[in-house]
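Written out below as structure tokens is the structure these notes cover.
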Amino acid sequence: MTTRLSLDKLTKRYDRNTAVESVSLNIHPGEFFSILGPSGCGKTTLLRLIAGFESPSRGEISLNGKVITQMPPQDRSVGMVFQNYALFPHMTVERNVAFGLETRRVPRQQIQERVRRILAAVHLGEKAGAPVSSLSGGEQQRVAVARALVVEPSVLLMDEPLSNLDVALRVSTREEIRSLQRRIGITTVYVTHDQSEAMSLSDRLAVMRSGRLEQVGSPAEVYESPRSPYVAEFLGGANILEAVVERGARRLYLGSTEVPLGSDLPGDADGEVVIAAKPESIRICPLEEEGCIPATITHKEYLGFTTDFTLVAGGLRFKTSGVTTPDARRLVPGMKVGLKPDWFRCSVFPRQDL
Amino acid sequence: MHRSRLVLPVLLLIAFIGGYVLYPLGVTFLESVRGAGGVNLSRYLSLLDPSNRGNWEAVVNSVGVSLLTVFLSGAVGLLFAVVFTQVDFPLRSLLARLAIVPIALPPLVGVIAFLLVFGESGILPRLTQTALGLKVVPFYLDGLPAILAVHVYSFYVYSYLLCSSALRQIDGSVLEAAFSLGGGAWRTFRRVVLPDLRPALLGGALLTFMASMASFSAPLIFAGPHRFLTLQIYATKLNGDLSLAAAQSLMLTLFSICFFVVLNLIMGRRMGVMRRRGVAAARRIRMSRPARMILVGLVLGLLMLGVLPLITIGVVSFAREGTWTYQLLPGEYTFDNYLALLTDPSVFEPVRNSLAMAGITLVVILVVGVGSAYLITKGGLRRSRLTVDTVITLPYAIPGTVVAISLILAFNTPSLLTGNAVLVGTFWILPLAYVLRTYPLVVRSTAAACDQVEDSLLEAGRSFGAGPWRVFGKIVLPLVLPGIVSGSLLGMIAVLGEFVSSILLYAYSSRPISVEILSQLRSLHFGAAAAYCVVLLGLIALLIWLSKLLLARSSRSLSF
């Protein structure tokens with residue numbers, strides 16, 4: 001019963017602005033697919049288009065090749081988990097979960113059995129008769145998931161379902177969602193602005209920016225080979241550096257600093273470029289080390305196991321991460337040090353991509 | 001959302017408002033300028049003519065009494081609100097409930113109760129006369145002061161309720177800050193509390209003014225030679241000059257709406273409200289002991305004055321007819337007035353009429369009120385909510401007298417809207433008037449409840465396969481039931497005792513309780529009139545009890 005979800009040039013315009021711009025996407029059967037982007041990028045609108053709460057200005061949505069673009073939400077066989085869970089406050093846990101089955105006129109006997117099974121799967125078996133308001137946030141979230149799954153929809157849509165939970169709960173619930181989804185094998189579209197959530201959960205993900213898909217791929221692909229400075233910054237918190245490359249002369253100008261360059265700068269962009277350098281790929285070294293960029297430490301952020309630094313070199317700001325604390329102890333703000341980006345792990349884009 | 005399926009309800013709503021709200025008003029306007037050869041403005045010109053003393057006296061009286069009512073009701077309401085929220089004394093919560101009784105009291109009943117207690121042959125003046133051995137009663141209420149007193153008695157509850165809910169929400173830490181900065185009770189009240197109450201006071205003033213301008217029963221009984229706008233319309237209609245009545249009606253409406261707009265504008269300039277943070281502090285103004293005692297004493301005194309009329313009505317309802325002429329209290333008591341209701345069908349007829357018309361009205365206002373509230377908050381009309389909301393609630397701002405006149409003018413000929421029948425003079429025009437006067441209450445309270453229901457709940461319902469009707473029935477309806485119940489309760493209280501429109505629209509066979517009360521009073525059957533009043537109050541009490549029962553049941557199943 002696994003379902004392929006296809007979007008073809010899907011567009012949603014409001015009076016003045018465009019929320020979703022010509023999005024085409026193939027989500028494979030059984031895949032866990034995340035849509036990742038900052039607030040206001042159109043990711044929730046995209047999800048609501050798939051659910052049928054909004055109708056697109058243009059484009060098509062299809063499930064297993066069957067076009068559902070004009071179908072009202074109740075006929076779409078799409079299950080949704082809402083950000084605020086949208087549990088019916090006047091019903092018990094059981095009644096909430098049974099709602100979709102009752103609507104579909106499933107025989108009473110079967111409703112009871114299916115509700116019992118799904119509640120057991122989300123570890124809420126003993127809470128069946130409780131009013132939903134008596135549950136904790138995490139439990140409410142699981143009711144919402146159970147309610148969406150019990151009707152065995154073709155596609156499960158989740159709109160930032162973890163954003164109302166505290167951090168510790170978020171990680172454990174995330175694992176639970178993932179294993180449940182694997183077991184059932186349901187095609188899932190998951191919307192979030194949290195990159196670690198998207199990367200840990202997804203088979204593939206799409207980074208969205210002002211209504212468009214910026215990049216689609218597996219978490220590793222997108223993280224390691226970002227297609228634009230935007231993706232690099234959003235996903236890895238990369239330092240975005242304007243630079244001038246002279247590949248012929250094996251030279252690189254970073255602001256006012258000239259840096260000698262090996263053959264290890266990826267890509268073939270030349271001249272005015274933008275380099276995305278992830279914080280963990282920048283190493284702090286002694287000033288006298290060969291090929292390093294002289295820099296000044298401006299800020300130190302103690303995180304326990306590691307310590308992050310902000311440095312300034314040639315008028316540019318660099319963030320580093322992953323320096324283990326024992327090594328960081330002697331580094332203090334104001335200190336002059338060397339900076340060595342691992343050029344091989346950087347991404348280089350022509351300037352206009354910014 | 002796919003809203004196309006809700007086109008039919010929207011069209012029905014438009015037809016309802018167009019046909020029964022806007023069309024009668026339009027007809028009224030046309031009638032008011034109807035002339036032999038076209039437009040004739042002479043009626044308005046003569047009304048506005050400074051030498052038309054009668055009309056201007058009515059304007060001055062109506063507006064003047066209404067303004068005085070606003071000030072006095074505001075003062076009494078504020079006093080009650082302060083005492084019941086800021087001071088502790090025995091029986092406080094019971095007395096606080098007693099203080100809102102007048103809102104459930106049909107205006108006509110209040111007027112008659114006042115007449116029996118404070119009128120020229122009322123109990124209180126006679127008691128004083130007997131006690132002091134005087135030849136004539138030393139005081140009694142009549143004319144403008146009587147009207148004012150009844151108005152304050154009937155309408156102070158608006159200000160009281162709004163002020164006490166505002167006082168309960170006042171930020172206690174602000175009060176504590178004021179005290180810690182050395183402000184005394186009076187100074188804190190004036191400088192800190194009172195500004196916070198401004199929206200409540202203005203809201204109360206608005207409701208009070210509209211109600212007093214539209215008031216009819218009090219002037220009818222107490223005005224004597226004084227003229228009032230509502231009485232003018234009534235008299236003109238009885239004289240058969242419907243065109244002039246139409247012009248007067250529109251003038252009254254204009255006065256009411258002008259004030260409505262002005263107050264709305266003042267209220268529009270809202271003050272900045274800061275969010276409360278941290279621990280909720282005690283929300284009490286610290287008053288000295290004498291100050292507290294004076295205030296509580298004042299409130300208890302006023303409450304006694306307010307309860308006295310109710311007790312009197314109860315007592316008088318047992319009076320044997322003809323035994324209460326010059327005595328202090330009726331001489332003989334009997335159950336006859338009530339027995340007649342049970343045994344004599346013609347005596348029971350007004351009760352039956354009122355119940356039947358209330359039942360019909362309830363069904364219609366539930367359908368129209370809940371339907372339009374849903375459409376403007378969650379359905380196809382939410383984009384144009386402000387406009388639709390204004391038009392829908394328009395009849396609430398129009399005095400009952402005017403509603404009646406406009407219905408008479410619109411439906412005295414057969415039309416499609418009435419199933420090709422003449423409504424005037426039939427039973428059916430009364431429920432129609434009642435519907436128009438009360439459905440805005442249901443719209444308002446239901447819309448407010450709908451606003452509390454998050455859209456995602458509706459979307460969740462739809463994503464689990466429920467169509468619009470199922471979403472409405474299974475999700476929205478249970479959640480907004482309290483709003484529906486409270487709105488229709490207010491509507492039903494108004495309908496059961498409705499008098500203002502009824503007196504212009506009834507036929508003998510369709511006379512409601514209120515009209516019968518008046519005619520019993522006119523024939524000096526005080527006992528029978530009082531018994532009808534008690535029956536009316538009993539019905540209203542029953543209604544309040546039923547709706548409490550309903551609310552309790554729905555809140556038990558409601559888990560939030």
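Labels for the structure tokens follow display order: chains A, B, ..., residues from 1 in each chain, ligands from 1.
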| query | What lies within 12 Å of range 239-241 of chain B using only C-alpha atoms, ignoring chain neighbours under 5 positions off, as a PyMOL selection string? | reply | chain B and resi 31-32+43+232-234+246-248+405+408-409+504
Could those selected residues go to a file with N, CA, C and O atoms, as an mmCIF file, in the first residue's frame?
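Output (again.cif):
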```cif
data_model
loop_
_atom_site.group_PDB
_atom_site.id
_atom_site.type_symbol
_atom_site.label_atom_id
_atom_site.label_comp_id
_atom_site.auth_asym_id
_atom_site.auth_seq_id
_atom_site.Cartn_x
_atom_site.Cartn_y
_atom_site.Cartn_z
ATOM 1 N N GLU B 31 -41.958 54.851 2.742
ATOM 2 C CA GLU B 31 -43.246 55.282 3.288
ATOM 3 C C GLU B 31 -43.122 56.678 3.916
ATOM 4 O O GLU B 31 -44.013 57.514 3.789
ATOM 5 N N SER B 32 -41.962 56.911 4.577
ATOM 6 C CA SER B 32 -41.813 58.178 5.292
ATOM 7 C C SER B 32 -41.685 59.356 4.337
ATOM 8 O O SER B 32 -41.917 60.496 4.731
ATOM 9 N N ARG B 43 -42.902 65.550 6.094
ATOM 10 C CA ARG B 43 -42.983 64.962 7.439
ATOM 11 C C ARG B 43 -41.704 65.241 8.229
ATOM 12 O O ARG B 43 -41.747 65.613 9.399
ATOM 13 N N GLN B 232 -44.382 58.639 21.046
ATOM 14 C CA GLN B 232 -44.877 59.394 19.893
ATOM 15 C C GLN B 232 -45.199 58.441 18.732
ATOM 16 O O GLN B 232 -46.240 58.547 18.098
ATOM 17 N N ILE B 233 -44.270 57.530 18.483
ATOM 18 C CA ILE B 233 -44.468 56.591 17.378
ATOM 19 C C ILE B 233 -45.724 55.755 17.625
ATOM 20 O O ILE B 233 -46.566 55.579 16.748
ATOM 21 N N TYR B 234 -45.830 55.275 18.852
ATOM 22 C CA TYR B 234 -46.974 54.447 19.236
ATOM 23 C C TYR B 234 -48.278 55.213 19.028
ATOM 24 O O TYR B 234 -49.225 54.729 18.407
ATOM 25 N N ALA B 246 -43.511 56.238 10.376
ATOM 26 C CA ALA B 246 -42.286 55.787 9.712
ATOM 27 C C ALA B 246 -41.194 56.837 9.855
ATOM 28 O O ALA B 246 -40.046 56.518 10.197
ATOM 29 N N ALA B 247 -41.561 58.099 9.619
ATOM 30 C CA ALA B 247 -40.566 59.170 9.722
ATOM 31 C C ALA B 247 -40.047 59.266 11.154
ATOM 32 O O ALA B 247 -38.838 59.383 11.390
ATOM 33 N N GLN B 248 -40.963 59.183 12.125
ATOM 34 C CA GLN B 248 -40.529 59.259 13.528
ATOM 35 C C GLN B 248 -39.628 58.074 13.884
ATOM 36 O O GLN B 248 -38.653 58.221 14.616
ATOM 37 N N ILE B 405 -42.885 48.825 13.515
ATOM 38 C CA ILE B 405 -43.437 49.706 12.476
ATOM 39 C C ILE B 405 -42.963 49.251 11.094
ATOM 40 O O ILE B 405 -43.741 49.166 10.134
ATOM 41 N N ILE B 408 -44.813 46.203 10.008
ATOM 42 C CA ILE B 408 -46.189 46.523 9.605
ATOM 43 C C ILE B 408 -46.200 47.055 8.179
ATOM 44 O O ILE B 408 -47.001 46.645 7.340
ATOM 45 N N LEU B 409 -45.242 47.967 7.901
ATOM 46 C CA LEU B 409 -45.226 48.578 6.571
ATOM 47 C C LEU B 409 -44.817 47.574 5.503
ATOM 48 O O LEU B 409 -45.342 47.588 4.388
ATOM 49 N N LEU B 504 -47.558 46.739 19.416
ATOM 50 C CA LEU B 504 -47.914 47.297 18.113
ATOM 51 C C LEU B 504 -48.392 46.223 17.135
ATOM 52 O O LEU B 504 -49.030 46.533 16.136
#
```
So which residues of range 201-301 of chain B fall under alpha helix (DSSP H) by DSSP, listed as a CSV table (one decimal) with C-alpha atoms, in the first residue's frame?
```
chain,number,residue,atom,x,y,z
B,201,LEU,CA,-17.8,51.9,31.5
B,202,LEU,CA,-18.2,53.0,27.9
B,203,GLY,CA,-19.5,49.6,26.9
B,204,GLY,CA,-22.0,49.7,29.7
B,205,ALA,CA,-22.9,53.3,28.7
B,206,LEU,CA,-23.5,52.2,25.1
B,207,LEU,CA,-25.8,49.3,26.0
B,208,THR,CA,-27.7,51.5,28.6
B,209,PHE,CA,-28.2,54.4,26.2
B,210,MET,CA,-29.5,52.2,23.4
B,211,ALA,CA,-31.9,50.4,25.9
B,212,SER,CA,-33.2,53.7,27.4
B,213,MET,CA,-33.7,55.3,24.0
B,214,ALA,CA,-35.7,52.3,23.0
B,217,SER,CA,-42.9,50.4,29.0
B,218,ALA,CA,-41.6,52.9,31.6
B,219,PRO,CA,-42.7,56.0,29.6
B,220,LEU,CA,-46.0,54.3,28.8
B,221,ILE,CA,-46.9,53.8,32.5
B,222,PHE,CA,-45.2,56.8,34.1
B,229,LEU,CA,-40.0,59.4,21.0
B,230,THR,CA,-41.2,55.8,21.4
B,231,LEU,CA,-44.5,56.9,22.8
B,232,GLN,CA,-44.9,59.4,19.9
B,233,ILE,CA,-44.5,56.6,17.4
B,234,TYR,CA,-47.0,54.4,19.2
B,235,ALA,CA,-49.5,57.3,19.4
B,236,THR,CA,-49.1,58.2,15.7
B,237,LYS,CA,-49.5,54.6,14.7
B,238,LEU,CA,-52.7,54.3,16.8
B,242,LEU,CA,-48.3,55.2,9.3
B,243,SER,CA,-46.2,57.6,7.1
B,244,LEU,CA,-45.5,59.9,10.0
B,245,ALA,CA,-44.8,56.9,12.3
B,246,ALA,CA,-42.3,55.8,9.7
B,247,ALA,CA,-40.6,59.2,9.7
B,248,GLN,CA,-40.5,59.3,13.5
B,249,SER,CA,-39.2,55.7,13.6
B,250,LEU,CA,-36.3,56.5,11.4
B,251,MET,CA,-35.5,59.6,13.4
B,252,LEU,CA,-35.4,57.6,16.6
B,253,THR,CA,-33.2,55.0,14.9
B,254,LEU,CA,-30.9,57.8,13.7
B,255,PHE,CA,-30.5,59.2,17.2
B,256,SER,CA,-29.7,55.8,18.6
B,257,ILE,CA,-27.3,54.9,15.9
B,258,CYS,CA,-25.5,58.2,16.1
B,259,PHE,CA,-24.8,57.7,19.7
B,260,PHE,CA,-23.8,54.1,19.0
B,261,VAL,CA,-21.2,55.3,16.4
B,262,VAL,CA,-19.9,58.1,18.6
B,263,LEU,CA,-19.3,55.7,21.6
B,264,ASN,CA,-17.8,53.1,19.3
B,265,LEU,CA,-15.4,55.7,18.1
B,266,ILE,CA,-14.4,56.7,21.6
B,267,MET,CA,-14.0,53.0,22.5
B,268,GLY,CA,-11.9,52.5,19.4
B,289,ARG,CA,-13.0,50.0,57.6
B,290,PRO,CA,-15.5,52.9,57.6
B,291,ALA,CA,-15.2,53.3,53.9
B,292,ARG,CA,-16.0,49.6,53.4
B,293,MET,CA,-18.9,49.8,55.7
B,294,ILE,CA,-20.4,52.8,54.0
B,295,LEU,CA,-20.1,51.2,50.6
B,296,VAL,CA,-21.5,47.9,51.7
B,297,GLY,CA,-24.4,49.6,53.4
B,298,LEU,CA,-25.2,51.6,50.3
B,299,VAL,CA,-25.2,48.5,48.2
B,300,LEU,CA,-27.4,46.6,50.7
B,301,GLY,CA,-29.8,49.5,50.8
```
| query | Which neighbours of Trp56 in chain B fall inside 12 Å, counting only C-alpha atoms, when residues of the same chain fewer than 3 positions from it are skipped, and could you give them as a PyMOL selection string? | reply | chain B and resi 46-53+59-64+226-229+232+248+251
| message | Give me, as JSON, numbers by chain, all polymer residues having an atom no more than 7 Å from range 450-459 of chain B, counting only C-alpha atoms and skipping those fewer than 6 positions away in the same chain. | response | {"A": [86, 87, 88], "B": [374, 377, 471, 480]}
I need the chosen residues saved as a short mmCIF file (atom, residue, chain, number, x, y, z; two decimals), in the first residue's frame, with all heavy atoms.
```cif
data_model
loop_
_atom_site.label_atom_id
_atom_site.label_comp_id
_atom_site.auth_asym_id
_atom_site.auth_seq_id
_atom_site.Cartn_x
_atom_site.Cartn_y
_atom_site.Cartn_z
N ALA A 86 -3.88 19.77 17.40
CA ALA A 86 -5.30 19.88 17.03
C ALA A 86 -6.10 18.68 17.52
O ALA A 86 -6.93 18.15 16.80
CB ALA A 86 -5.46 20.05 15.52
N LEU A 87 -5.87 18.27 18.75
CA LEU A 87 -6.70 17.21 19.32
C LEU A 87 -8.06 17.81 19.66
O LEU A 87 -8.15 18.97 20.06
CB LEU A 87 -6.05 16.65 20.58
CG LEU A 87 -4.67 16.02 20.36
CD1 LEU A 87 -4.12 15.49 21.68
CD2 LEU A 87 -4.74 14.89 19.33
N PHE A 88 -9.11 17.01 19.49
CA PHE A 88 -10.44 17.52 19.79
C PHE A 88 -10.61 17.57 21.31
O PHE A 88 -10.63 16.53 21.97
CB PHE A 88 -11.50 16.63 19.15
CG PHE A 88 -11.30 16.46 17.67
CD1 PHE A 88 -11.28 15.22 17.09
CD2 PHE A 88 -11.10 17.57 16.86
CE1 PHE A 88 -11.08 15.06 15.73
CE2 PHE A 88 -10.90 17.44 15.50
CZ PHE A 88 -10.88 16.18 14.93
N TYR B 374 -21.33 30.79 12.26
CA TYR B 374 -20.37 29.85 11.68
C TYR B 374 -19.83 30.39 10.35
O TYR B 374 -18.63 30.34 10.08
CB TYR B 374 -21.03 28.49 11.47
CG TYR B 374 -20.08 27.41 11.01
CD1 TYR B 374 -19.08 26.96 11.84
CD2 TYR B 374 -20.18 26.86 9.74
CE1 TYR B 374 -18.20 25.97 11.44
CE2 TYR B 374 -19.30 25.87 9.33
CZ TYR B 374 -18.31 25.43 10.18
OH TYR B 374 -17.43 24.46 9.77
N THR B 377 -17.34 33.28 10.97
CA THR B 377 -16.09 33.00 11.67
C THR B 377 -15.29 31.89 11.01
O THR B 377 -14.07 31.94 10.98
CB THR B 377 -16.33 32.58 13.14
OG1 THR B 377 -17.25 31.48 13.14
CG2 THR B 377 -16.90 33.71 13.95
N VAL B 471 -17.88 17.87 10.27
CA VAL B 471 -16.95 18.69 11.05
C VAL B 471 -17.74 19.63 11.95
O VAL B 471 -17.47 19.78 13.14
CB VAL B 471 -16.03 19.51 10.12
CG1 VAL B 471 -15.31 20.59 10.91
CG2 VAL B 471 -15.02 18.61 9.43
N VAL B 480 -18.83 24.88 20.83
CA VAL B 480 -19.42 26.22 20.95
C VAL B 480 -20.77 26.19 21.65
O VAL B 480 -21.42 27.22 21.79
CB VAL B 480 -19.56 26.93 19.58
CG1 VAL B 480 -18.22 27.07 18.90
CG2 VAL B 480 -20.54 26.21 18.69
#
```
| said: I'd like the neighbourhood of Ser24 in chain A as a list in words, where a residue qualifies if any of its atoms comes within 6 Å (using only C-alpha atoms), though same-chain residues fewer than 3 positions away should be ignored. | reply: Leu7, Asp8 and Lys9 of chain A
Create the file for the chosen residues now, containing C-alpha atoms and written as an mmCIF file, in the first residue's frame.
```cif
data_model
loop_
_atom_site.group_PDB
_atom_site.id
_atom_site.type_symbol
_atom_site.label_atom_id
_atom_site.label_comp_id
_atom_site.auth_asym_id
_atom_site.auth_seq_id
_atom_site.Cartn_x
_atom_site.Cartn_y
_atom_site.Cartn_z
ATOM 1 C CA LEU A 7 4.184 17.375 -7.114
ATOM 2 C CA ASP A 8 4.375 18.989 -10.508
ATOM 3 C CA LYS A 9 5.140 22.717 -10.832
#
```
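Minimum atom-to-atom distance to chain A, evaluated using only C-alpha atoms, belongs to B:Arg470 out of B:Val500, B:Ile484, B:Glu516, B:Arg470.
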Write out, as CSV, each residue of chain A that has an atom at most 9 Å from chain B, together with the closest pair of atoms and their distance in Å to one decimal, counting only C-alpha atoms, rows going by chain and rising number.
```
residue,atom,partner,partner_atom,distance
A:Ala51,CA,B:Ser463,CA,7.0
A:Gly52,CA,B:Met1,CA,7.2
A:Phe53,CA,B:Met1,CA,4.9
A:Glu54,CA,B:Met1,CA,5.5
A:Ser55,CA,B:Met1,CA,7.0
A:Gln70,CA,B:His2,CA,8.9
A:Met71,CA,B:His2,CA,8.8
A:Pro72,CA,B:His2,CA,6.4
A:Pro73,CA,B:Ser463,CA,5.3
A:Gln74,CA,B:Gly465,CA,3.6
A:Asp75,CA,B:Gly465,CA,6.0
A:Arg76,CA,B:Ser463,CA,7.7
A:Ser77,CA,B:Gly465,CA,7.6
A:Val78,CA,B:Ser463,CA,6.5
A:Gly79,CA,B:Ser463,CA,6.2
A:Met80,CA,B:Ser463,CA,6.6
A:Val81,CA,B:Ala460,CA,8.1
A:Phe82,CA,B:Ser456,CA,7.3
A:Gln83,CA,B:Ser456,CA,9.0
A:Asn84,CA,B:Ser456,CA,8.0
A:Tyr85,CA,B:Ser456,CA,8.2
A:Ala86,CA,B:Leu457,CA,4.9
A:Leu87,CA,B:Leu457,CA,6.8
A:Phe88,CA,B:Leu457,CA,6.5
A:Pro89,CA,B:Ser559,CA,5.9
A:His90,CA,B:Leu558,CA,4.3
A:Met91,CA,B:Ser559,CA,7.1
A:Thr92,CA,B:Ser559,CA,8.0
A:Phe99,CA,B:Phe464,CA,7.3
A:Gly100,CA,B:Phe464,CA,4.6
A:Leu101,CA,B:Phe464,CA,8.0
A:Thr103,CA,B:Ala466,CA,5.8
A:Arg104,CA,B:Gly465,CA,6.8
A:Pro131,CA,B:Ser559,CA,5.8
A:Val132,CA,B:Ser559,CA,7.2
A:Ser133,CA,B:Phe560,CA,5.9
A:Ser134,CA,B:Ser559,CA,8.1
A:Arg147,CA,B:Phe464,CA,8.5
A:Ala148,CA,B:Phe464,CA,7.4
A:Val151,CA,B:Phe464,CA,7.6
A:Pro153,CA,B:Phe464,CA,9.0
```
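Excluding Glu290 in chain A itself and same-chain residues fewer than 5 positions from it, the residues having an atom within 12 Å of it are Val259, Pro260, Leu261, Cys285, Gly338, Leu339 and Lys340 of chain A, counting only C-alpha atoms.
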Could you please take those selected residues and save all heavy atoms as a short mmCIF file (atom, residue, chain, number, x, y, z; two decimals), in the first residue's frame?
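After the write, out-v7.cif holds the following:
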```
data_model
loop_
_atom_site.label_atom_id
_atom_site.label_comp_id
_atom_site.auth_asym_id
_atom_site.auth_seq_id
_atom_site.Cartn_x
_atom_site.Cartn_y
_atom_site.Cartn_z
N VAL A 259 46.06 34.42 0.52
CA VAL A 259 46.31 33.09 1.04
C VAL A 259 46.84 32.22 -0.09
O VAL A 259 46.24 32.18 -1.16
CB VAL A 259 45.01 32.46 1.59
CG1 VAL A 259 45.30 31.14 2.27
CG2 VAL A 259 44.30 33.42 2.52
N PRO A 260 47.96 31.52 0.14
CA PRO A 260 48.43 30.59 -0.89
C PRO A 260 47.50 29.40 -0.96
O PRO A 260 46.88 29.03 0.04
CB PRO A 260 49.82 30.19 -0.38
CG PRO A 260 49.79 30.44 1.09
CD PRO A 260 48.84 31.56 1.31
N LEU A 261 47.36 28.83 -2.14
CA LEU A 261 46.34 27.82 -2.36
C LEU A 261 46.96 26.58 -2.96
O LEU A 261 47.74 26.67 -3.91
CB LEU A 261 45.31 28.40 -3.33
CG LEU A 261 43.95 27.75 -3.39
CD1 LEU A 261 43.25 27.87 -2.04
CD2 LEU A 261 43.11 28.43 -4.46
N CYS A 285 45.33 27.38 14.51
CA CYS A 285 46.69 26.84 14.62
C CYS A 285 47.62 27.94 15.11
O CYS A 285 47.24 29.11 15.16
CB CYS A 285 47.15 26.31 13.26
SG CYS A 285 47.15 27.59 11.99
N GLY A 338 46.58 31.67 14.24
CA GLY A 338 46.45 31.36 12.82
C GLY A 338 45.16 30.61 12.57
O GLY A 338 44.57 30.03 13.47
N LEU A 339 44.71 30.66 11.33
CA LEU A 339 43.44 30.08 10.94
C LEU A 339 43.69 29.24 9.72
O LEU A 339 44.31 29.70 8.76
CB LEU A 339 42.54 31.24 10.52
CG LEU A 339 41.19 31.45 11.16
CD1 LEU A 339 40.55 32.65 10.56
CD2 LEU A 339 40.38 30.24 11.06
N LYS A 340 43.23 27.99 9.70
CA LYS A 340 43.49 27.18 8.52
C LYS A 340 42.23 26.46 8.06
O LYS A 340 41.85 25.44 8.65
CB LYS A 340 44.60 26.17 8.82
CG LYS A 340 45.67 26.19 7.75
CD LYS A 340 46.80 25.29 8.09
CE LYS A 340 47.86 25.41 6.99
NZ LYS A 340 48.96 24.50 7.26
#
```
| said: Residues within 7 Å of range 311-318 of chain A, please, as a ChimeraX atom specification. Count only C-alpha atoms; anything in the same chain fewer than 3 positions from it doesn't count. | reply: /A:239,254-257,294-299
| Of the candidates A:Gly137, A:Gly211, A:Gly237, A:Gly129, which shows the shortest atom-to-atom distance to Val23 in chain A, using only C-alpha atoms? | A:Gly211
| Point-to-point distance in Å for CA of Leu30 in chain B and CA of Ser406 in chain B |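 Between CA of Ser406 in chain B and CA of Leu30 in chain B the gap works out to 10.7 Å.
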| task | as a list in words, list the residues of range 29-89 of chain A assigned to strand (DSSP E or B) by DSSP on the backbone atoms of this structure. | result | Phe32, Phe33, Ser34, Ile35, Leu36, Arg58, Gly59, Glu60, Ile61, Ser62, Leu63, Lys66, Val67, Val78, Gly79, Met80 and Val81 of chain A
| Quick one: of B:Tyr396, B:Ser488, B:Arg511, B:Gln169, who's nearest to Leu546 in chain B, counting only C-alpha atoms? |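 Looking only at the distances to Leu546 in chain B, the closest residue turns out to be B:Ser488.
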Determine, using only C-alpha atoms, which residues of range 223-271 of chain A have any atom at most 9 Å from an atom of range 176-200 of chain A, and tabulate each with its shortest atom pair and distance in Å to one decimal place, rows ordered by chain and then rising number, as a Markdown table.
```
| residue | atom | partner | partner_atom | distance |
| --- | --- | --- | --- | --- |
| A:Tyr223 | CA | A:Met199 | CA | 8.8 |
| A:Phe234 | CA | A:Gln195 | CA | 7.8 |
| A:Leu235 | CA | A:Gln195 | CA | 5.9 |
| A:Gly236 | CA | A:Gln195 | CA | 8.4 |
```
Writer output for current selection, N, CA, C and O atoms, as a CSV table (one decimal), in the first residue's frame:
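Saved file again34.csv follows:
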```csv
chain,number,residue,atom,x,y,z
A,223,TYR,N,24.3,18.0,3.0
A,223,TYR,CA,25.2,18.6,3.9
A,223,TYR,C,26.6,18.8,3.3
A,223,TYR,O,27.2,19.8,3.5
A,234,PHE,N,22.4,27.4,5.9
A,234,PHE,CA,21.3,27.0,6.7
A,234,PHE,C,21.5,25.6,7.3
A,234,PHE,O,21.1,25.3,8.4
A,235,LEU,N,22.1,24.7,6.6
A,235,LEU,CA,22.3,23.4,7.0
A,235,LEU,C,23.5,23.2,7.9
A,235,LEU,O,23.4,22.4,8.9
A,236,GLY,N,24.6,23.8,7.6
A,236,GLY,CA,25.8,23.6,8.4
A,236,GLY,C,26.3,24.8,9.2
A,236,GLY,O,27.3,24.7,9.8
```
